[in-house]
file protein_25.pdb (PDB, C-alpha atoms and all ligand atoms)
ATOM      1  CA  MET A   1       0.000   0.000   0.000  1.00  0.00           C
ATOM      2  CA  SER A   2       1.463   3.307  -1.092  1.00  0.00           C
ATOM      3  CA  SER A   3      -0.567   5.385   1.336  1.00  0.00           C
ATOM      4  CA  LEU A   4       1.361   4.179   4.403  1.00  0.00           C
ATOM      5  CA  LYS A   5       3.858   6.553   6.070  1.00  0.00           C
ATOM      6  CA  VAL A   6       6.409   6.026   8.830  1.00  0.00           C
ATOM      7  CA  CYS A   7       6.231   8.377  11.832  1.00  0.00           C
ATOM      8  CA  THR A   8       9.661   9.811  12.655  1.00  0.00           C
ATOM      9  CA  LYS A   9       8.873   9.794  16.336  1.00  0.00           C
ATOM     10  CA  CYS A  10       7.226   6.490  17.244  1.00  0.00           C
ATOM     11  CA  GLY A  11       8.460   4.677  14.093  1.00  0.00           C
ATOM     12  CA  GLY A  12       4.972   3.311  13.460  1.00  0.00           C
ATOM     13  CA  GLU A  13       3.828   2.688   9.870  1.00  0.00           C
ATOM     14  CA  LYS A  14       0.404   4.325   9.569  1.00  0.00           C
ATOM     15  CA  PRO A  15      -2.112   5.371   6.877  1.00  0.00           C
ATOM     16  CA  LEU A  16      -1.877   8.996   5.664  1.00  0.00           C
ATOM     17  CA  THR A  17      -5.138   9.821   7.440  1.00  0.00           C
ATOM     18  CA  GLU A  18      -3.169   9.421  10.687  1.00  0.00           C
ATOM     19  CA  PHE A  19      -0.963  12.376   9.687  1.00  0.00           C
ATOM     20  CA  LYS A  20      -1.955  16.054   9.631  1.00  0.00           C
ATOM     21  CA  PRO A  21      -1.458  17.842   6.279  1.00  0.00           C
ATOM     22  CA  ARG A  22       1.486  20.223   6.030  1.00  0.00           C
ATOM     23  CA  LYS A  23       1.890  22.059   2.731  1.00  0.00           C
ATOM     24  CA  ASP A  24       5.589  22.999   3.020  1.00  0.00           C
ATOM     25  CA  ASN A  25       6.696  19.360   3.478  1.00  0.00           C
ATOM     26  CA  PRO A  26       7.521  17.443   0.247  1.00  0.00           C
ATOM     27  CA  SER A  27       5.161  14.639   1.293  1.00  0.00           C
ATOM     28  CA  GLY A  28       2.381  17.143   2.036  1.00  0.00           C
ATOM     29  CA  TYR A  29       2.088  15.757   5.575  1.00  0.00           C
ATOM     30  CA  ARG A  30       3.703  16.281   8.932  1.00  0.00           C
ATOM     31  CA  THR A  31       6.550  13.870   9.699  1.00  0.00           C
ATOM     32  CA  THR A  32       5.036  12.856  13.027  1.00  0.00           C
ATOM     33  CA  CYS A  33       1.698  11.097  13.420  1.00  0.00           C
ATOM     34  CA  LYS A  34      -1.440  12.599  14.999  1.00  0.00           C
ATOM     35  CA  ARG A  35      -1.036  10.427  18.080  1.00  0.00           C
ATOM     36  CA  CYS A  36       2.548  11.642  18.642  1.00  0.00           C
ATOM     37  CA  ASP A  37       1.508  15.285  17.995  1.00  0.00           C
ATOM     38  CA  TYR A  38      -1.241  14.903  20.578  1.00  0.00           C
ATOM     39  CA  ASP A  39       1.119  13.349  23.133  1.00  0.00           C
ATOM     40  CA  ALA A  40       3.659  16.122  22.541  1.00  0.00           C
ATOM     41  CA  ARG A  41       0.983  18.775  23.076  1.00  0.00           C
ATOM     42  CA  ILE A  42      -0.201  17.166  26.337  1.00  0.00           C
ATOM     43  CA  ASP A  43       3.408  16.860  27.422  1.00  0.00           C
ATOM     44  CA  TRP A  44       4.031  20.564  26.702  1.00  0.00           C
ATOM     45  CA  TYR A  45       0.871  21.591  28.580  1.00  0.00           C
ATOM     46  CA  SER A  46       1.786  19.606  31.661  1.00  0.00           C
ATOM     47  CA  ARG A  47       5.465  20.643  31.616  1.00  0.00           C
ATOM     48  CA  THR A  48       4.657  24.352  31.331  1.00  0.00           C
ATOM     49  CA  ILE A  49       1.441  24.558  33.348  1.00  0.00           C
ATOM     50  CA  GLU A  50       3.104  26.064  36.436  1.00  0.00           C
ATOM     51  CA  VAL A  51       4.804  28.786  34.408  1.00  0.00           C
ATOM     52  CA  ARG A  52       1.684  29.565  32.394  1.00  0.00           C
ATOM     53  CA  ARG A  53      -0.451  29.663  35.528  1.00  0.00           C
ATOM     54  CA  ALA A  54       2.015  32.026  37.241  1.00  0.00           C
ATOM     55  CA  LYS A  55       2.007  34.296  34.171  1.00  0.00           C
ATOM     56  CA  GLN A  56      -1.798  34.273  34.190  1.00  0.00           C
ATOM     57  CA  VAL A  57      -1.878  35.251  37.868  1.00  0.00           C
ATOM     58  CA  VAL A  58       0.508  38.153  37.246  1.00  0.00           C
ATOM     59  CA  TYR A  59      -1.557  39.194  34.250  1.00  0.00           C
ATOM     60  CA  ASP A  60      -4.824  39.008  36.208  1.00  0.00           C
ATOM     61  CA  ALA A  61      -3.376  41.056  39.064  1.00  0.00           C
ATOM     62  CA  THR A  62      -2.000  43.704  36.702  1.00  0.00           C
ATOM     63  CA  ALA A  63      -5.224  43.892  34.709  1.00  0.00           C
ATOM     64  CA  TYR A  64      -7.187  44.180  37.926  1.00  0.00           C
ATOM     65  CA  ARG A  65      -4.977  47.006  39.207  1.00  0.00           C
ATOM     66  CA  ASN A  66      -5.200  48.898  35.918  1.00  0.00           C
ATOM     67  CA  HIS A  67      -8.962  48.592  35.502  1.00  0.00           C
ATOM     68  CA  ARG A  68     -10.091  48.186  39.101  1.00  0.00           C
ATOM     69  CA  ASP A  69     -12.992  50.670  39.007  1.00  0.00           C
ATOM     70  CA  VAL A  70     -14.306  49.473  35.658  1.00  0.00           C
ATOM     71  CA  ILE A  71     -14.115  45.824  36.731  1.00  0.00           C
ATOM     72  CA  LEU A  72     -15.806  46.489  40.080  1.00  0.00           C
ATOM     73  CA  GLU A  73     -18.576  48.504  38.453  1.00  0.00           C
ATOM     74  CA  ARG A  74     -19.140  45.824  35.813  1.00  0.00           C
ATOM     75  CA  SER A  75     -19.238  43.071  38.402  1.00  0.00           C
ATOM     76  CA  ARG A  76     -21.642  45.072  40.593  1.00  0.00           C
ATOM     77  CA  ASN A  77     -23.954  45.660  37.621  1.00  0.00           C
ATOM     78  CA  TYR A  78     -23.769  42.008  36.655  1.00  0.00           C
ATOM     79  CA  SER A  79     -24.598  40.802  40.191  1.00  0.00           C
ATOM     80  CA  ARG A  80     -27.518  43.212  40.395  1.00  0.00           C
ATOM     81  CA  SER A  81     -29.064  42.155  37.094  1.00  0.00           C
ATOM     82  CA  HIS A  82     -28.484  38.422  37.661  1.00  0.00           C
ATOM     83  CA  LYS A  83     -29.432  38.269  41.332  1.00  0.00           C
ATOM     84  CA  ASP A  84     -32.473  35.997  40.962  1.00  0.00           C
ATOM     85  CA  GLN A  85     -30.781  33.829  38.365  1.00  0.00           C
ATOM     86  CA  HIS A  86     -27.758  33.395  40.602  1.00  0.00           C
ATOM     87  CA  ALA A  87     -29.885  32.536  43.651  1.00  0.00           C
ATOM     88  CA  ALA A  88     -31.831  29.961  41.639  1.00  0.00           C
ATOM     89  CA  ARG A  89     -28.638  28.410  40.316  1.00  0.00           C
ATOM     90  CA  THR A  90     -27.169  28.238  43.814  1.00  0.00           C
ATOM     91  CA  ARG A  91     -30.321  26.561  45.139  1.00  0.00           C
ATOM     92  CA  GLU A  92     -30.272  24.112  42.261  1.00  0.00           C
ATOM     93  CA  TRP A  93     -26.584  23.275  42.786  1.00  0.00           C
ATOM     94  CA  ASN A  94     -27.141  22.881  46.540  1.00  0.00           C
ATOM     95  CA  SER A  95     -29.975  20.402  46.025  1.00  0.00           C
ATOM     96  CA  ARG A  96     -27.901  18.389  43.542  1.00  0.00           C
ATOM     97  CA  ASN A  97     -24.757  18.363  45.740  1.00  0.00           C
ATOM     98  CA  PRO A  98     -25.825  17.878  49.366  1.00  0.00           C
ATOM     99  CA  ASP A  99     -22.495  16.245  50.262  1.00  0.00           C
ATOM    100  CA  LYS A 100     -20.368  19.015  48.776  1.00  0.00           C
ATOM    101  CA  LEU A 101     -22.610  21.622  50.411  1.00  0.00           C
ATOM    102  CA  ALA A 102     -22.217  19.962  53.814  1.00  0.00           C
ATOM    103  CA  ALA A 103     -18.443  19.807  53.353  1.00  0.00           C
ATOM    104  CA  ALA A 104     -18.310  23.476  52.313  1.00  0.00           C
ATOM    105  CA  ASN A 105     -20.391  24.461  55.328  1.00  0.00           C
ATOM    106  CA  LEU A 106     -18.016  22.536  57.585  1.00  0.00           C
ATOM    107  CA  ARG A 107     -15.005  24.245  56.011  1.00  0.00           C
ATOM    108  CA  ASN A 108     -16.642  27.652  56.455  1.00  0.00           C
ATOM    109  CA  ARG A 109     -17.443  26.876  60.072  1.00  0.00           C
ATOM    110  CA  ASP A 110     -13.861  25.800  60.733  1.00  0.00           C
ATOM    111  CA  ARG A 111     -12.584  28.971  59.084  1.00  0.00           C
ATOM    112  CA  GLN A 112     -14.930  31.038  61.225  1.00  0.00           C
ATOM    113  CA  TYR A 113     -13.768  29.283  64.404  1.00  0.00           C
ATOM    114  CA  GLU A 114     -10.173  29.853  63.376  1.00  0.00           C
ATOM    115  CA  TRP A 115     -10.854  33.534  62.714  1.00  0.00           C
ATOM    116  CA  ARG A 116     -12.569  33.911  66.106  1.00  0.00           C
ATOM    117  CA  ARG A 117      -9.634  32.207  67.796  1.00  0.00           C
ATOM    118  CA  THR A 118      -7.107  34.561  66.179  1.00  0.00           C
ATOM    119  CA  HIS A 119      -9.264  37.729  66.503  1.00  0.00           C
ATOM    120  CA  PRO A 120     -10.977  37.327  69.912  1.00  0.00           C
ATOM    121  CA  ASP A 121     -11.108  41.085  70.531  1.00  0.00           C
ATOM    122  CA  VAL A 122     -12.704  41.926  67.165  1.00  0.00           C
ATOM    123  CA  TYR A 123     -15.171  39.061  67.601  1.00  0.00           C
ATOM    124  CA  ALA A 124     -16.109  40.226  71.120  1.00  0.00           C
ATOM    125  CA  ALA A 125     -16.518  43.825  69.950  1.00  0.00           C
ATOM    126  CA  HIS A 126     -18.821  42.731  67.078  1.00  0.00           C
ATOM    127  CA  GLY A 127     -20.851  40.561  69.444  1.00  0.00           C
ATOM    128  CA  ALA A 128     -21.271  43.393  71.925  1.00  0.00           C
ATOM    129  CA  LYS A 129     -22.313  45.753  69.136  1.00  0.00           C
ATOM    130  CA  ARG A 130     -24.933  43.297  67.907  1.00  0.00           C
ATOM    131  CA  LYS A 131     -26.256  42.645  71.400  1.00  0.00           C
ATOM    132  CA  ALA A 132     -26.372  46.364  72.212  1.00  0.00           C
ATOM    133  CA  ALA A 133     -28.320  46.965  68.993  1.00  0.00           C
ATOM    134  CA  GLN A 134     -30.840  44.275  69.970  1.00  0.00           C
ATOM    135  CA  LEU A 135     -31.265  45.878  73.388  1.00  0.00           C
ATOM    136  CA  ASN A 136     -31.560  49.382  71.931  1.00  0.00           C
ATOM    137  CA  ALA A 137     -28.518  50.306  74.014  1.00  0.00           C
ATOM    138  CA  THR A 138     -26.747  52.077  71.150  1.00  0.00           C
ATOM    139  CA  PRO A 139     -27.563  55.790  71.058  1.00  0.00           C
ATOM    140  CA  PRO A 140     -28.339  57.031  67.524  1.00  0.00           C
ATOM    141  CA  TRP A 141     -25.493  59.575  67.638  1.00  0.00           C
ATOM    142  CA  ILE A 142     -22.837  56.850  67.908  1.00  0.00           C
ATOM    143  CA  ASP A 143     -20.581  57.116  64.859  1.00  0.00           C
ATOM    144  CA  GLN A 144     -17.770  55.004  63.379  1.00  0.00           C
ATOM    145  CA  ASN A 145     -15.202  56.966  65.396  1.00  0.00           C
ATOM    146  CA  HIS A 146     -16.931  55.933  68.566  1.00  0.00           C
ATOM    147  CA  PHE A 147     -17.039  52.273  67.479  1.00  0.00           C
ATOM    148  CA  ASP A 148     -13.310  52.503  66.711  1.00  0.00           C
ATOM    149  CA  THR A 149     -12.707  53.699  70.267  1.00  0.00           C
ATOM    150  CA  ILE A 150     -14.789  50.787  71.584  1.00  0.00           C
ATOM    151  CA  ALA A 151     -12.768  48.395  69.410  1.00  0.00           C
ATOM    152  CA  GLU A 152      -9.602  49.789  71.047  1.00  0.00           C
ATOM    153  CA  ILE A 153     -11.009  48.896  74.480  1.00  0.00           C
ATOM    154  CA  TYR A 154     -11.652  45.300  73.335  1.00  0.00           C
ATOM    155  CA  LYS A 155      -8.121  45.199  71.968  1.00  0.00           C
ATOM    156  CA  THR A 156      -6.829  46.359  75.359  1.00  0.00           C
ATOM    157  CA  ALA A 157      -8.598  43.407  76.995  1.00  0.00           C
ATOM    158  CA  LYS A 158      -6.841  41.054  74.545  1.00  0.00           C
ATOM    159  CA  VAL A 159      -3.438  42.655  75.184  1.00  0.00           C
ATOM    160  CA  LEU A 160      -3.903  42.282  78.959  1.00  0.00           C
ATOM    161  CA  THR A 161      -5.087  38.671  78.491  1.00  0.00           C
ATOM    162  CA  ASP A 162      -1.996  37.841  76.418  1.00  0.00           C
ATOM    163  CA  PHE A 163       0.312  39.681  78.834  1.00  0.00           C
ATOM    164  CA  TYR A 164      -0.949  38.207  82.126  1.00  0.00           C
ATOM    165  CA  GLY A 165      -2.037  34.828  80.738  1.00  0.00           C
ATOM    166  CA  GLU A 166      -5.346  35.406  82.480  1.00  0.00           C
ATOM    167  CA  GLN A 167      -8.669  36.205  80.811  1.00  0.00           C
ATOM    168  CA  PHE A 168      -9.699  39.887  80.807  1.00  0.00           C
ATOM    169  CA  ASP A 169     -13.207  40.916  79.748  1.00  0.00           C
ATOM    170  CA  VAL A 170     -14.802  44.173  78.656  1.00  0.00           C
ATOM    171  CA  ASP A 171     -17.532  44.905  81.168  1.00  0.00           C
ATOM    172  CA  HIS A 172     -20.475  47.284  80.947  1.00  0.00           C
ATOM    173  CA  ILE A 173     -20.227  49.298  84.178  1.00  0.00           C
ATOM    174  CA  GLU A 174     -23.964  49.959  84.071  1.00  0.00           C
ATOM    175  CA  PRO A 175     -25.371  46.651  82.720  1.00  0.00           C
ATOM    176  CA  LEU A 176     -27.107  46.779  79.332  1.00  0.00           C
ATOM    177  CA  ARG A 177     -29.961  44.758  80.763  1.00  0.00           C
ATOM    178  CA  GLY A 178     -30.206  46.415  84.177  1.00  0.00           C
ATOM    179  CA  LYS A 179     -33.078  45.860  86.592  1.00  0.00           C
ATOM    180  CA  THR A 180     -34.071  49.495  86.819  1.00  0.00           C
ATOM    181  CA  SER A 181     -32.101  51.123  84.016  1.00  0.00           C
ATOM    182  CA  CYS A 182     -30.483  50.217  80.707  1.00  0.00           C
ATOM    183  CA  GLY A 183     -26.756  50.951  80.434  1.00  0.00           C
ATOM    184  CA  LEU A 184     -25.475  52.253  77.119  1.00  0.00           C
ATOM    185  CA  HIS A 185     -22.966  50.644  74.761  1.00  0.00           C
ATOM    186  CA  VAL A 186     -20.686  53.697  74.843  1.00  0.00           C
ATOM    187  CA  TRP A 187     -16.998  53.834  75.641  1.00  0.00           C
ATOM    188  CA  TRP A 188     -17.428  55.579  79.010  1.00  0.00           C
ATOM    189  CA  ASN A 189     -19.669  52.710  80.164  1.00  0.00           C
ATOM    190  CA  LEU A 190     -16.947  50.147  79.380  1.00  0.00           C
ATOM    191  CA  ALA A 191     -14.245  48.844  81.685  1.00  0.00           C
ATOM    192  CA  VAL A 192     -11.587  46.169  81.235  1.00  0.00           C
ATOM    193  CA  ILE A 193     -11.725  43.807  84.208  1.00  0.00           C
ATOM    194  CA  PRO A 194     -10.349  40.307  84.973  1.00  0.00           C
ATOM    195  CA  HIS A 195     -12.759  37.555  83.958  1.00  0.00           C
ATOM    196  CA  SER A 196     -12.883  36.289  87.571  1.00  0.00           C
ATOM    197  CA  ASP A 197     -14.297  39.663  88.692  1.00  0.00           C
ATOM    198  CA  ASN A 198     -16.811  39.568  85.850  1.00  0.00           C
ATOM    199  CA  VAL A 199     -18.051  36.132  86.972  1.00  0.00           C
ATOM    200  CA  LYS A 200     -18.367  37.372  90.565  1.00  0.00           C
ATOM    201  CA  LYS A 201     -20.345  40.358  89.319  1.00  0.00           C
ATOM    202  CA  SER A 202     -22.860  38.265  87.343  1.00  0.00           C
ATOM    203  CA  ASN A 203     -23.231  35.848  90.277  1.00  0.00           C
ATOM    204  CA  LYS A 204     -24.010  38.798  92.501  1.00  0.00           C
ATOM    205  CA  LEU A 205     -26.619  40.049  90.032  1.00  0.00           C
ATOM    206  CA  ILE A 206     -28.273  36.644  89.947  1.00  0.00           C
ATOM    207  CA  LEU A 207     -28.247  36.488  93.784  1.00  0.00           C
ATOM    208  CA  ASN A 208     -29.786  39.937  93.967  1.00  0.00           C
ATOM    209  CA  LYS A 209     -32.600  38.855  91.683  1.00  0.00           C
ATOM    210  CA  ASN A 210     -33.584  35.983  94.008  1.00  0.00           C
TER
HETATM  211 ZN    ZN B   1       4.005   8.570  15.868  1.00  0.00          ZN
END
call {"tool": "encode", "arguments": {"input": "protein_25.pdb", "output": "structure tokens"}}
result
Amino acid sequence: MSSLKVCTKCGGEKPLTEFKPRKDNPSGYRTTCKRCDYDARIDWYSRTIEVRRAKQVVYDATAYRNHRDVILERSRNYSRSHKDQHAARTREWNSRNPDKLAAANLRNRDRQYEWRRTHPDVYAAHGAKRKAAQLNATPPWIDQNHFDTIAEIYKTAKVLTDFYGEQFDVDHIEPLRGKTSCGLHVWWNLAVIPHSDNVKKSNKLILNKN
């Protein structure tokens, strides 16, 4: 059969249909077979994937820096106009992948725990803010500056805790849920005290109630 050709790479004798056409070769075909071309391509992809990925990351970061506002605006617009679609797709994916969803929830929970462990002061400050809001103990004139000051007090408690190796809490001098009055979540109603004192204080309050 005249239509057989030997591949210069694997040495296999194969029909011409197993070779890609190449006009500038005398035979009109590539010297290597399709199978070898394919293997070479896969080989190149896997050998260079790290480099290409790194280049892509650099490119993405640069592009993002250069067009930050445009990209953010576009993504905001997109989220707004596809909100329902996105929610539906998420619901659909969740119902099809209960195992993956459960695993993702676990991972998120672990991450949250880890964050709380490494940022106890920020976590405590957020919690206090939320609780104060529920109890209407946050005056309307409290601004971000004031919350920053409160955050500093929670940070102080963490610094003292780390320094003495003993738990320090931020205490509301006038309790938020007082018997006769409601203390405010404002910096001048906050005090950093050892946890042991805080426990004594709440015990006393409970005793007083009885
Ligand atoms: Zn070959």
call {"tool": "residues_around", "arguments": {"input": "protein_25.pdb", "residues": "stretch 187-197 of chain A", "least_positions_apart": "4", "cutoff": "9 Å", "atoms": "all atoms listed in the file", "output": "ChimeraX atom specification"}}
result
/A:146-147,149-150,153-154,156-157,160-161,166-175,183,201-202
call {"tool": "write_last_selection", "arguments": {"input": "protein_25.pdb", "atoms": "C-alpha atoms", "output": "CSV table (one decimal), in the coordinates of the input"}}
result
chain,number,residue,atom,x,y,z
A,146,HIS,CA,-16.9,55.9,68.6
A,147,PHE,CA,-17.0,52.3,67.5
A,149,THR,CA,-12.7,53.7,70.3
A,150,ILE,CA,-14.8,50.8,71.6
A,153,ILE,CA,-11.0,48.9,74.5
A,154,TYR,CA,-11.7,45.3,73.3
A,156,THR,CA,-6.8,46.4,75.4
A,157,ALA,CA,-8.6,43.4,77.0
A,160,LEU,CA,-3.9,42.3,79.0
A,161,THR,CA,-5.1,38.7,78.5
A,166,GLU,CA,-5.3,35.4,82.5
A,167,GLN,CA,-8.7,36.2,80.8
A,168,PHE,CA,-9.7,39.9,80.8
A,169,ASP,CA,-13.2,40.9,79.7
A,170,VAL,CA,-14.8,44.2,78.7
A,171,ASP,CA,-17.5,44.9,81.2
A,172,HIS,CA,-20.5,47.3,80.9
A,173,ILE,CA,-20.2,49.3,84.2
A,174,GLU,CA,-24.0,50.0,84.1
A,175,PRO,CA,-25.4,46.7,82.7
A,183,GLY,CA,-26.8,51.0,80.4
A,201,LYS,CA,-20.3,40.4,89.3
A,202,SER,CA,-22.9,38.3,87.3
call {"tool": "residues_near_ligand", "arguments": {"input": "protein_25.pdb", "ligand": "ligand ZN 1 (chain B)", "cutoff": "7 Å", "atoms": "only C-alpha atoms and all ligand atoms", "output": "PDB file with C-alpha atoms, in the coordinates of the input"}}
result
ATOM      1  CA  CYS A   7       6.231   8.377  11.832  1.00  0.00           C
ATOM      2  CA  THR A   8       9.661   9.811  12.655  1.00  0.00           C
ATOM      3  CA  LYS A   9       8.873   9.794  16.336  1.00  0.00           C
ATOM      4  CA  CYS A  10       7.226   6.490  17.244  1.00  0.00           C
ATOM      5  CA  GLY A  11       8.460   4.677  14.093  1.00  0.00           C
ATOM      6  CA  GLY A  12       4.972   3.311  13.460  1.00  0.00           C
ATOM      7  CA  THR A  32       5.036  12.856  13.027  1.00  0.00           C
ATOM      8  CA  CYS A  33       1.698  11.097  13.420  1.00  0.00           C
ATOM      9  CA  LYS A  34      -1.440  12.599  14.999  1.00  0.00           C
ATOM     10  CA  ARG A  35      -1.036  10.427  18.080  1.00  0.00           C
ATOM     11  CA  CYS A  36       2.548  11.642  18.642  1.00  0.00           C
TER      12      CYS A  36
END
call {"tool": "atom_distance", "arguments": {"input": "protein_25.pdb", "atom1": "atom CA of A:Phe19", "atom2": "atom CA of A:Tyr38"}}
result
11.2 Å
call {"tool": "residues_around", "arguments": {"input": "protein_25.pdb", "residues": "A:Pro21", "least_positions_apart": "3", "cutoff": "7 Å", "atoms": "all atoms listed in the file", "output": "count of residues only"}}
result
3
call {"tool": "atom_distance", "arguments": {"input": "protein_25.pdb", "atom1": "atom CA of A:Tyr64", "atom2": "atom CA of A:Ser81"}}
result
22.0 Å
call {"tool": "closest_residue", "arguments": {"input": "protein_25.pdb", "among": "A:Asp84, A:Ala54, A:Val6, A:Val186", "to": "A:Ala133", "atoms": "all atoms listed in the file"}}
result
A:Val186
call {"tool": "residues_around", "arguments": {"input": "protein_25.pdb", "residues": "A:Leu16", "least_positions_apart": "5", "cutoff": "7 Å", "atoms": "all atoms listed in the file", "output": "PyMOL selection string"}}
result
chain A and resi 3-5
call {"tool": "residues_around", "arguments": {"input": "protein_25.pdb", "residues": "A:Pro139", "least_positions_apart": "3", "cutoff": "9 Å", "atoms": "all atoms listed in the file", "output": "PyMOL selection string"}}
result
chain A and resi 136+142+184-186
call {"tool": "atom_distance", "arguments": {"input": "protein_25.pdb", "atom1": "atom CA of A:Gly127", "atom2": "atom CA of A:Leu101"}}
result
26.9 Å
call {"tool": "decode", "arguments": {"input": "protein_25.pdb", "residues": "stretch 114-136 of chain A", "atoms": "C-alpha atoms", "output": "CSV table (one decimal), in the first residue's frame"}}
result
chain,number,residue,atom,x,y,z
A,114,GLU,CA,-10.2,29.9,63.4
A,115,TRP,CA,-10.9,33.5,62.7
A,116,ARG,CA,-12.6,33.9,66.1
A,117,ARG,CA,-9.6,32.2,67.8
A,118,THR,CA,-7.1,34.6,66.2
A,119,HIS,CA,-9.3,37.7,66.5
A,120,PRO,CA,-11.0,37.3,69.9
A,121,ASP,CA,-11.1,41.1,70.5
A,122,VAL,CA,-12.7,41.9,67.2
A,123,TYR,CA,-15.2,39.1,67.6
A,124,ALA,CA,-16.1,40.2,71.1
A,125,ALA,CA,-16.5,43.8,69.9
A,126,HIS,CA,-18.8,42.7,67.1
A,127,GLY,CA,-20.9,40.6,69.4
A,128,ALA,CA,-21.3,43.4,71.9
A,129,LYS,CA,-22.3,45.8,69.1
A,130,ARG,CA,-24.9,43.3,67.9
A,131,LYS,CA,-26.3,42.6,71.4
A,132,ALA,CA,-26.4,46.4,72.2
A,133,ALA,CA,-28.3,47.0,69.0
A,134,GLN,CA,-30.8,44.3,70.0
A,135,LEU,CA,-31.3,45.9,73.4
A,136,ASN,CA,-31.6,49.4,71.9
